[in-house]
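Data block for query_14.txt (compact mmCIF, C-alpha atoms):
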# COMPACT_ATOMS: atom_id res chain seq x y z
CA MET A 396 0.00 0.00 0.00
CA ARG A 397 1.19 3.51 -0.83
CA ARG A 398 -0.10 6.53 1.02
CA PHE A 399 0.27 10.22 0.41
CA LEU A 400 -0.58 12.84 2.99
CA LEU A 401 -0.89 16.44 1.83
CA VAL A 402 -0.90 19.34 4.26
CA ALA A 403 -3.07 21.95 2.54
CA HIS A 404 -2.58 25.09 4.59
CA ASP A 405 -5.12 27.36 2.91
CA ALA A 406 -7.69 24.86 1.64
CA ARG A 407 -11.23 25.89 2.46
CA THR A 408 -12.96 23.76 5.11
CA ALA A 409 -16.57 24.57 4.23
CA PRO A 410 -18.51 23.65 1.09
CA ASP A 411 -19.00 27.29 0.15
CA PHE A 412 -16.21 27.79 -2.37
CA SER A 413 -16.80 28.33 -6.06
CA LEU A 414 -15.82 25.65 -8.55
CA ASP A 415 -15.10 28.58 -10.90
CA ASP A 416 -12.40 29.90 -8.58
CA LEU A 417 -10.59 27.00 -6.94
CA PRO A 418 -7.33 28.92 -6.41
CA GLY A 419 -8.99 31.91 -4.72
CA SER A 420 -12.27 30.97 -3.04
CA GLY A 421 -11.12 27.36 -2.57
CA GLY A 422 -7.81 28.30 -0.96
CA ARG A 423 -5.76 26.54 -3.65
CA MET A 424 -8.23 23.69 -3.91
CA ASP A 425 -6.92 23.36 -7.50
CA LEU A 426 -3.65 22.13 -6.01
CA VAL A 427 -5.42 19.65 -3.72
CA ALA A 428 -7.41 18.32 -6.69
CA ARG A 429 -4.28 17.90 -8.82
CA CYS A 430 -2.66 15.99 -5.99
CA VAL A 431 -5.64 13.62 -5.80
CA THR A 432 -5.24 12.93 -9.51
CA ALA A 433 -1.47 12.49 -9.28
CA GLY A 434 -1.94 10.21 -6.30
CA LEU A 435 -4.68 7.97 -7.60
CA LEU A 436 -4.91 8.07 -11.37
CA VAL A 437 -2.76 6.71 -14.16
CA SER A 438 -3.58 6.38 -17.83
CA HIS A 439 -7.16 5.08 -18.00
CA ASP A 440 -6.85 3.47 -14.60
CA VAL A 441 -6.86 3.92 -10.83
CA ARG A 442 -3.96 3.04 -8.55
CA LEU A 443 -5.75 0.42 -6.50
CA ASP A 444 -2.85 0.17 -4.03
CA THR A 445 -2.85 3.86 -3.08
CA GLU A 446 -4.57 6.06 -0.55
CA PHE A 447 -4.51 9.85 -0.69
CA LEU A 448 -5.17 12.02 2.35
CA ALA A 449 -5.34 15.78 2.61
CA VAL A 450 -5.49 17.74 5.83
CA LEU A 451 -7.34 20.95 4.96
CA LEU A 452 -6.33 23.82 7.20
CA GLY A 453 -7.98 26.89 5.70
CA PRO A 454 -10.97 28.74 7.14
CA PRO A 455 -13.60 28.49 8.49
CA LYS A 456 -13.44 25.19 10.42
CA PRO A 457 -10.01 23.55 10.28
CA PRO A 458 -8.93 20.87 10.36
CA ARG A 459 -10.86 18.66 7.97
CA LEU A 460 -9.34 15.47 6.61
CA VAL A 461 -10.39 13.98 3.26
CA ARG A 462 -9.30 10.47 2.45
CA PHE A 463 -9.49 8.92 -1.03
CA VAL A 464 -9.04 5.15 -1.25
CA GLY A 465 -7.84 3.96 -4.65
CA GLY A 466 -9.18 0.45 -4.18
CA GLU A 467 -12.72 1.66 -3.51
CA ILE A 468 -13.18 4.87 -5.45
CA ARG A 469 -15.52 5.01 -8.44
CA GLY A 470 -15.94 7.66 -11.10
CA LEU A 471 -12.89 9.72 -10.19
CA ASN A 472 -12.01 11.92 -13.16
CA PRO A 473 -8.67 13.60 -13.72
CA ASP A 474 -9.89 17.19 -14.07
CA GLU A 475 -9.59 19.60 -11.16
CA ARG A 476 -13.17 20.80 -11.18
CA SER A 477 -14.85 17.40 -10.76
CA THR A 478 -12.41 16.38 -8.03
CA ALA A 479 -12.94 19.67 -6.20
CA ALA A 480 -16.69 19.04 -6.44
CA LEU A 481 -16.16 15.73 -4.63
CA ILE A 482 -14.22 17.49 -1.89
CA ARG A 483 -16.91 20.16 -1.63
CA LYS A 484 -19.48 17.42 -1.22
CA ALA A 485 -17.33 15.84 1.51
CA LEU A 486 -17.17 19.16 3.35
CA GLU A 487 -20.95 19.10 3.78
CA GLU A 488 -20.30 16.56 6.57
CA GLU A 489 -19.39 18.40 9.75
CA GLY A 490 -18.65 15.79 12.43
CA ARG A 491 -15.32 14.84 13.88
CA ALA A 492 -15.70 11.09 13.31
CA GLU A 493 -14.91 9.71 9.89
CA ARG A 494 -17.90 9.38 7.57
CA ALA A 495 -18.14 7.81 4.12
CA VAL A 496 -19.21 10.40 1.56
CA ARG A 497 -19.34 7.91 -1.28
CA PRO A 498 -17.40 4.74 -2.05
CA GLY A 499 -13.72 5.46 -1.57
CA LEU A 500 -14.12 8.98 -0.19
CA TYR A 501 -14.14 9.69 3.54
CA VAL A 502 -14.10 12.86 5.61
CA SER A 503 -13.45 13.61 9.27
CA GLY A 504 -12.33 16.33 11.63
CA MET A 505 -8.87 14.87 12.11
CA GLY A 506 -5.81 17.06 11.96
CA LEU A 507 -2.17 16.35 11.27
CA ASP A 508 -1.46 15.22 14.84
CA ASP A 509 -4.37 12.76 14.74
CA VAL A 510 -3.16 11.25 11.48
CA LEU A 511 0.38 10.95 12.77
CA ARG A 512 -0.69 9.32 16.01
CA SER A 513 -1.36 5.95 14.41
CA PRO A 514 0.12 5.82 10.94
CA PRO A 515 -0.32 2.42 9.30
CA GLY A 516 3.28 2.42 8.13
CA PRO A 517 6.55 4.36 8.24
CA LEU A 518 6.52 8.05 7.45
CA VAL A 519 8.64 9.53 4.67
CA LEU A 520 8.81 13.30 4.80
CA LEU A 521 9.41 14.98 1.46
CA LEU A 522 11.44 18.15 1.86
CA GLU A 523 13.35 20.17 -0.69
CA GLY A 524 17.10 19.91 -0.28
CA SER A 525 16.99 16.52 1.41
CA PRO A 526 18.77 13.40 0.11
CA ASP A 527 17.46 12.07 -3.18
CA LEU A 528 14.84 9.31 -2.89
CA ARG A 529 16.44 7.51 -5.83
CA ALA A 530 19.50 6.82 -3.73
CA SER A 531 17.53 5.62 -0.72
CA ALA A 532 15.91 2.39 0.31
CA LEU A 533 12.18 3.01 0.53
CA PRO A 534 10.18 1.24 3.23
CA ARG A 535 7.13 -0.80 2.30
CA ASP A 536 3.71 0.68 3.03
CA ALA A 537 5.16 4.13 3.57
CA THR A 538 3.15 7.31 3.98
CA PHE A 539 4.76 10.14 2.01
CA VAL A 540 4.03 13.54 3.56
CA LEU A 541 4.09 16.69 1.45
CA SER A 542 3.28 20.34 1.88
CA ASP A 543 1.31 22.45 -0.58
CA HIS A 544 2.57 25.72 -2.08
CA ARG A 545 3.62 26.83 1.41
CA ASP A 546 6.44 25.48 3.54
CA PHE A 547 5.53 23.44 6.60
CA THR A 548 5.15 25.71 9.64
CA PRO A 549 8.01 25.37 12.16
CA GLU A 550 5.63 23.45 14.43
CA GLU A 551 4.55 21.05 11.67
CA ALA A 552 8.14 20.56 10.54
CA SER A 553 9.24 19.74 14.06
CA THR A 554 6.42 17.22 14.56
CA LEU A 555 7.02 15.64 11.17
CA MET A 556 10.78 15.42 11.51
CA ALA A 557 10.40 13.66 14.84
CA ALA A 558 7.90 11.20 13.37
CA ALA A 559 9.60 10.53 10.03
CA ARG A 560 11.71 7.48 9.37
CA LEU A 561 13.20 9.17 6.30
CA ILE A 562 13.45 12.71 5.00
CA LEU A 563 13.94 12.76 1.25
CA SER A 564 13.60 14.92 -1.83
CA VAL A 565 12.44 14.11 -5.35
CA GLY A 566 15.45 15.59 -7.09
CA PRO A 567 17.49 18.73 -7.54
CA ARG A 568 14.62 21.05 -8.45
CA SER A 569 11.69 22.15 -6.27
CA LEU A 570 8.57 20.79 -7.90
CA GLN A 571 4.89 21.46 -7.48
CA THR A 572 3.30 19.10 -4.99
CA ASP A 573 1.42 16.96 -7.51
CA GLN A 574 4.60 16.69 -9.59
CA ALA A 575 6.46 15.41 -6.52
CA ILE A 576 3.77 12.74 -6.02
CA THR A 577 4.19 11.68 -9.65
CA VAL A 578 7.95 11.31 -9.20
CA VAL A 579 7.51 9.21 -6.03
CA HIS A 580 5.02 6.92 -7.77
CA ASN A 581 7.33 6.54 -10.76
CA GLU A 582 10.21 5.54 -8.50
CA LEU A 583 8.03 3.00 -6.66
CA ASP A 584 6.66 1.67 -9.96
CA ARG A 585 10.20 0.97 -11.08
CA ARG A 586 11.05 -0.87 -7.87
CA GLY A 587 8.03 -3.07 -8.40
CA MET B 1266 16.26 24.04 -24.49
CA ARG B 1267 13.61 21.42 -23.75
CA ARG B 1268 10.50 21.08 -25.87
CA PHE B 1269 7.33 19.09 -25.45
CA LEU B 1270 4.86 18.50 -28.24
CA LEU B 1271 1.43 17.20 -27.31
CA VAL B 1272 -0.93 15.74 -29.89
CA ALA B 1273 -4.38 16.58 -28.52
CA HIS B 1274 -6.75 14.59 -30.68
CA ASP B 1275 -10.06 15.90 -29.38
CA ALA B 1276 -9.12 19.39 -28.21
CA ARG B 1277 -11.56 22.01 -29.42
CA THR B 1278 -10.22 24.36 -32.10
CA ALA B 1279 -12.65 27.25 -31.61
CA PRO B 1280 -12.99 29.59 -28.61
CA ASP B 1281 -16.53 28.40 -27.93
CA PHE B 1282 -15.94 25.84 -25.20
CA SER B 1283 -17.03 26.33 -21.63
CA LEU B 1284 -14.45 26.82 -18.90
CA ASP B 1285 -16.93 24.97 -16.66
CA ASP B 1286 -16.67 21.85 -18.81
CA LEU B 1287 -13.13 21.48 -20.09
CA PRO B 1288 -13.32 17.66 -20.42
CA GLY B 1289 -16.55 17.69 -22.44
CA SER B 1290 -17.05 20.92 -24.35
CA GLY B 1291 -13.29 21.54 -24.48
CA GLY B 1292 -12.48 18.07 -25.85
CA ARG B 1293 -10.25 17.22 -22.89
CA MET B 1294 -8.85 20.73 -22.68
CA ASP B 1295 -8.29 19.91 -18.99
CA LEU B 1296 -5.60 17.49 -20.09
CA VAL B 1297 -3.99 20.07 -22.38
CA ALA B 1298 -3.97 22.61 -19.54
CA ARG B 1299 -2.39 20.15 -17.11
CA CYS B 1300 0.31 19.41 -19.67
CA VAL B 1301 1.09 23.14 -20.01
CA THR B 1302 1.53 23.31 -16.24
CA ALA B 1303 3.65 20.16 -16.09
CA GLY B 1304 5.73 21.44 -18.97
CA LEU B 1305 6.37 24.98 -17.80
CA LEU B 1306 5.83 25.36 -14.07
CA VAL B 1307 7.75 24.21 -11.03
CA SER B 1308 7.33 25.31 -7.44
CA HIS B 1309 6.84 29.09 -7.53
CA ASP B 1310 8.74 29.35 -10.79
CA VAL B 1311 8.68 28.95 -14.57
CA ARG B 1312 10.96 26.64 -16.51
CA LEU B 1313 12.68 29.31 -18.59
CA ASP B 1314 14.43 26.71 -20.74
CA THR B 1315 11.26 24.96 -21.90
CA GLU B 1316 8.77 25.35 -24.70
CA PHE B 1317 5.42 23.56 -24.77
CA LEU B 1318 3.48 22.99 -27.98
CA ALA B 1319 0.07 21.39 -28.45
CA VAL B 1320 -1.44 20.45 -31.78
CA LEU B 1321 -5.18 20.69 -31.27
CA LEU B 1322 -7.08 18.35 -33.58
CA GLY B 1323 -10.67 18.50 -32.40
CA PRO B 1324 -13.55 20.21 -34.21
CA PRO B 1325 -14.38 22.59 -35.78
CA LYS B 1326 -11.21 23.86 -37.52
CA PRO B 1327 -8.22 21.56 -36.96
CA PRO B 1328 -5.34 21.83 -36.78
CA ARG B 1329 -4.46 24.71 -34.46
CA LEU B 1330 -1.08 24.89 -32.79
CA VAL B 1331 -0.55 26.68 -29.48
CA ARG B 1332 2.99 27.37 -28.37
CA PHE B 1333 3.95 28.43 -24.83
CA VAL B 1334 7.48 29.78 -24.37
CA GLY B 1335 8.75 29.46 -20.82
CA GLY B 1336 11.32 32.21 -21.20
CA GLU B 1337 8.70 34.76 -22.26
CA ILE B 1338 5.45 33.82 -20.56
CA ARG B 1339 4.03 36.00 -17.80
CA GLY B 1340 1.23 35.31 -15.35
CA LEU B 1341 0.86 31.61 -16.08
CA ASN B 1342 -0.97 29.99 -13.18
CA PRO B 1343 -1.01 26.27 -12.41
CA ASP B 1344 -4.77 25.73 -12.38
CA GLU B 1345 -6.53 24.21 -15.38
CA ARG B 1346 -9.18 26.86 -15.76
CA SER B 1347 -6.88 29.86 -16.15
CA THR B 1348 -4.62 28.00 -18.58
CA ALA B 1349 -7.62 26.86 -20.62
CA ALA B 1350 -8.76 30.49 -20.70
CA LEU B 1351 -5.42 31.45 -22.26
CA ILE B 1352 -5.86 28.75 -24.90
CA ARG B 1353 -9.42 29.91 -25.58
CA LYS B 1354 -8.11 33.43 -26.07
CA ALA B 1355 -5.48 32.08 -28.48
CA LEU B 1356 -8.18 30.30 -30.48
CA GLU B 1357 -9.80 33.66 -31.28
CA GLU B 1358 -7.00 34.08 -33.82
CA GLU B 1359 -7.92 32.27 -37.01
CA GLY B 1360 -5.02 32.66 -39.44
CA ARG B 1361 -2.56 30.06 -40.54
CA ALA B 1362 0.56 32.13 -39.79
CA GLU B 1363 1.82 32.25 -36.23
CA ARG B 1364 0.56 35.19 -34.19
CA ALA B 1365 1.51 36.32 -30.70
CA VAL B 1366 -1.52 36.24 -28.40
CA ARG B 1367 0.39 37.66 -25.45
CA PRO B 1368 4.00 37.43 -24.32
CA GLY B 1369 5.07 33.80 -24.52
CA LEU B 1370 1.89 32.47 -26.12
CA TYR B 1371 1.59 31.94 -29.86
CA VAL B 1372 -1.02 30.35 -32.10
CA SER B 1373 -1.04 29.21 -35.69
CA GLY B 1374 -2.73 26.85 -38.12
CA MET B 1375 0.18 24.41 -38.18
CA GLY B 1376 -0.39 20.71 -37.86
CA LEU B 1377 1.82 17.84 -36.81
CA ASP B 1378 3.46 17.53 -40.23
CA ASP B 1379 4.32 21.23 -40.24
CA VAL B 1380 5.90 21.04 -36.81
CA LEU B 1381 7.89 17.95 -37.76
CA ARG B 1382 9.15 19.48 -40.98
CA SER B 1383 11.69 21.69 -39.28
CA PRO B 1384 12.16 20.64 -35.68
CA PRO B 1385 14.84 22.68 -33.90
CA GLY B 1386 16.34 19.55 -32.37
CA PRO B 1387 16.12 15.76 -32.31
CA LEU B 1388 12.74 14.14 -31.75
CA VAL B 1389 12.13 11.75 -28.87
CA LEU B 1390 8.87 9.86 -29.20
CA LEU B 1391 7.34 8.75 -25.90
CA LEU B 1392 5.48 5.47 -26.31
CA GLU B 1393 4.32 3.00 -23.70
CA GLY B 1394 6.29 -0.24 -23.75
CA SER B 1395 9.41 1.32 -25.25
CA PRO B 1396 12.86 1.25 -23.63
CA ASP B 1397 13.13 3.21 -20.41
CA LEU B 1398 14.42 6.78 -20.78
CA ARG B 1399 16.48 6.35 -17.59
CA ALA B 1400 18.67 3.83 -19.37
CA SER B 1401 19.10 5.95 -22.47
CA ALA B 1402 21.34 8.80 -23.47
CA LEU B 1403 19.13 11.82 -24.05
CA PRO B 1404 20.04 14.25 -26.83
CA ARG B 1405 20.39 17.94 -26.08
CA ASP B 1406 17.59 20.26 -27.17
CA ALA B 1407 15.24 17.36 -27.79
CA THR B 1408 11.54 17.67 -28.56
CA PHE B 1409 9.59 15.05 -26.61
CA VAL B 1410 6.39 14.05 -28.41
CA LEU B 1411 3.42 12.69 -26.49
CA SER B 1412 -0.14 11.72 -27.19
CA ASP B 1413 -3.13 12.64 -25.05
CA HIS B 1414 -5.59 10.09 -23.63
CA ARG B 1415 -5.79 8.46 -27.07
CA ASP B 1416 -3.12 6.46 -28.85
CA PHE B 1417 -1.45 8.04 -31.84
CA THR B 1418 -3.34 7.17 -35.03
CA PRO B 1419 -1.52 4.65 -37.24
CA GLU B 1420 -0.69 7.51 -39.62
CA GLU B 1421 0.70 9.71 -36.85
CA ALA B 1422 2.65 6.82 -35.36
CA SER B 1423 4.20 6.01 -38.71
CA THR B 1424 5.21 9.64 -39.32
CA LEU B 1425 6.58 10.03 -35.82
CA MET B 1426 8.49 6.77 -35.79
CA ALA B 1427 10.18 7.73 -39.04
CA ALA B 1428 11.11 11.15 -37.67
CA ALA B 1429 12.17 10.14 -34.16
CA ARG B 1430 15.77 9.69 -33.14
CA LEU B 1431 14.66 7.78 -30.05
CA ILE B 1432 11.51 6.00 -28.93
CA LEU B 1433 11.34 5.76 -25.15
CA SER B 1434 8.99 5.24 -22.25
CA VAL B 1435 8.86 6.85 -18.81
CA GLY B 1436 8.73 3.58 -16.88
CA PRO B 1437 6.84 0.36 -16.42
CA ARG B 1438 3.39 1.90 -15.91
CA SER B 1439 1.30 3.88 -18.41
CA LEU B 1440 0.95 7.38 -17.01
CA GLN B 1441 -1.28 10.29 -17.80
CA THR B 1442 0.32 12.66 -20.29
CA ASP B 1443 1.14 15.44 -17.84
CA GLN B 1444 2.64 12.86 -15.46
CA ALA B 1445 4.89 11.63 -18.27
CA ILE B 1446 6.08 15.20 -18.86
CA THR B 1447 6.89 15.53 -15.16
CA VAL B 1448 8.96 12.34 -15.23
CA VAL B 1449 10.90 13.50 -18.30
CA HIS B 1450 11.66 16.86 -16.68
CA ASN B 1451 12.76 15.14 -13.47
CA GLU B 1452 15.15 12.93 -15.40
CA LEU B 1453 16.61 15.91 -17.29
CA ASP B 1454 16.87 17.93 -14.05
CA ARG B 1455 18.98 15.18 -12.56
CA ARG B 1456 21.29 15.06 -15.58
CA GLY B 1457 21.85 18.80 -15.23
Full structure transcribed into structure tokens:
Amino acid sequence: MRRFLLVAHDARTAPDFSLDDLPGSGGRMDLVARCVTAGLLVSHDVRLDTEFLAVLLGPPKPPRLVRFVGGEIRGLNPDERSTAALIRKALEEEGRAERAVRPGLYVSGMGLDDVLRSPPGPLVLLLEGSPDLRASALPRDATFVLSDHRDFTPEEASTLMAAARLILSVGPRSLQTDQAITVVHNELDRRG
Amino acid sequence: MRRFLLVAHDARTAPDFSLDDLPGSGGRMDLVARCVTAGLLVSHDVRLDTEFLAVLLGPPKPPRLVRFVGGEIRGLNPDERSTAALIRKALEEEGRAERAVRPGLYVSGMGLDDVLRSPPGPLVLLLEGSPDLRASALPRDATFVLSDHRDFTPEEASTLMAAARLILSVGPRSLQTDQAITVVHNELDRRG
């Protein structure tokens, strides 16, 4: 199983954003949507062995956690708008406990600390300037943690560094978050 | 200089598609937009050394060629909608000769054959099931040619195979087109 955990610092946590303005009213929900696609979709297929989580930390009611399960999801399309519409639908649920929104899509009130408390496998923190993942052994069933267009806050970085088994980068150039997910998948695909 | 050339078989060739329905009315213009982003943008920056071309072959007036120049473009955002809006603006121009739409964005009536007639560098055709690009020397100033969600037509494949210096793949798994662009860039970034 592969897992990706995105920390989306500005992403809106109520279903009141416009699908016509994902970067603005959605708090860079375009980025979150692209990461879902990079995490779960390949050419004409879904990555059945992958789970994608995003902690949404924007206003008005952070945190909200959305969880997409590759092995269960149906009708996930690659475009940003339709994926953002799924997230908006998920944000209609307000409780703290995890609820199924539709097959393969879950939402809860969990934050980063909650997710890190009982990770199902080792944590790999992706940070620019760290050693290259190509040169590293990669643990099975890892959760790869990434930030959005912002850096991790000092507090997040400290928590994550303490929890991470490995801190790696995806190469010499700082990529967009969804691009980093694509590079991780490609490396894991090659290792079989 | 790096160049990517996308063959977008269904992409609309008139500025009459809806930004609210890029997959449908735009003929998978969402995919074209994601490829522009993968081709030209990294984290908080533009790839100044890269050019991205897309031959649009959908109705009503194919072909149209859009050309994004990383070293000239201004105000390119990563979300699909704003990039598709730029392409829609470009499609307001109807002539065959290349016209500047805005800095770094050009449009013309050229088709695949026209582009292949005088490529500025060697052609690398990206095809699933081909040898892995990681194991191959990569020529300088190459143009990487990719198809969209469809396979190349037999005619396109024949033309491209005759013109290509190399035919390579991005790994063992068939990726979405923008993901393949990301993997190529990552490989070139590592080779410096």
As an MDAnalysis selection string, could you give me every residue of chain B near chain A (at most 10 Å apart, counting only C-alpha atoms)? chainID B and resid 1284:1288 1293:1296 1298:1299 1302:1303 1306:1310 1342:1347 1413:1415 1435:1452 1454:1457
If you take every atom of region 526-530 of chain A that the file lists and fit an axis-aligned box around them with 5 Å extra on each side, what centre and edge lengths come out in Å to one decimal, as JSON?
{"center_x": 17.2, "center_y": 10.1, "center_z": -2.9, "size_x": 14.7, "size_y": 16.6, "size_z": 15.9}
In Å to one decimal, how far is CA of Val1389 (chain B) from CA of Phe1409 (chain B)?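 A separation of 4.7 Å between them.
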Take the point (10.0, 33.0, -23.6) in the file's coordinates, draw a sphere of radius 12 Å around it, and report as a list in words every protein, DNA or RNA residue with an atom inside or on it, counting only C-alpha atoms.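 Here is the list of nearby residues: Met1266, Leu1305, Val1311, Arg1312, Leu1313, Asp1314, Thr1315, Glu1316, Phe1317, Arg1332, Phe1333, Val1334, Gly1335, Gly1336, Glu1337, Ile1338, Arg1339, Leu1341, Ala1365, Arg1367, Pro1368, Gly1369, Leu1370 and Tyr1371 of chain B.
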To one decimal in Å, tell me the separation between CA of Ala479 (chain A) and CA of Ala1350 (chain B). 18.6 Å
Quick one: pull the distance between CA of Gly1289 (chain B) and CA of Asp1379 (chain B), Å, one decimal.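 The value is 27.7 Å.
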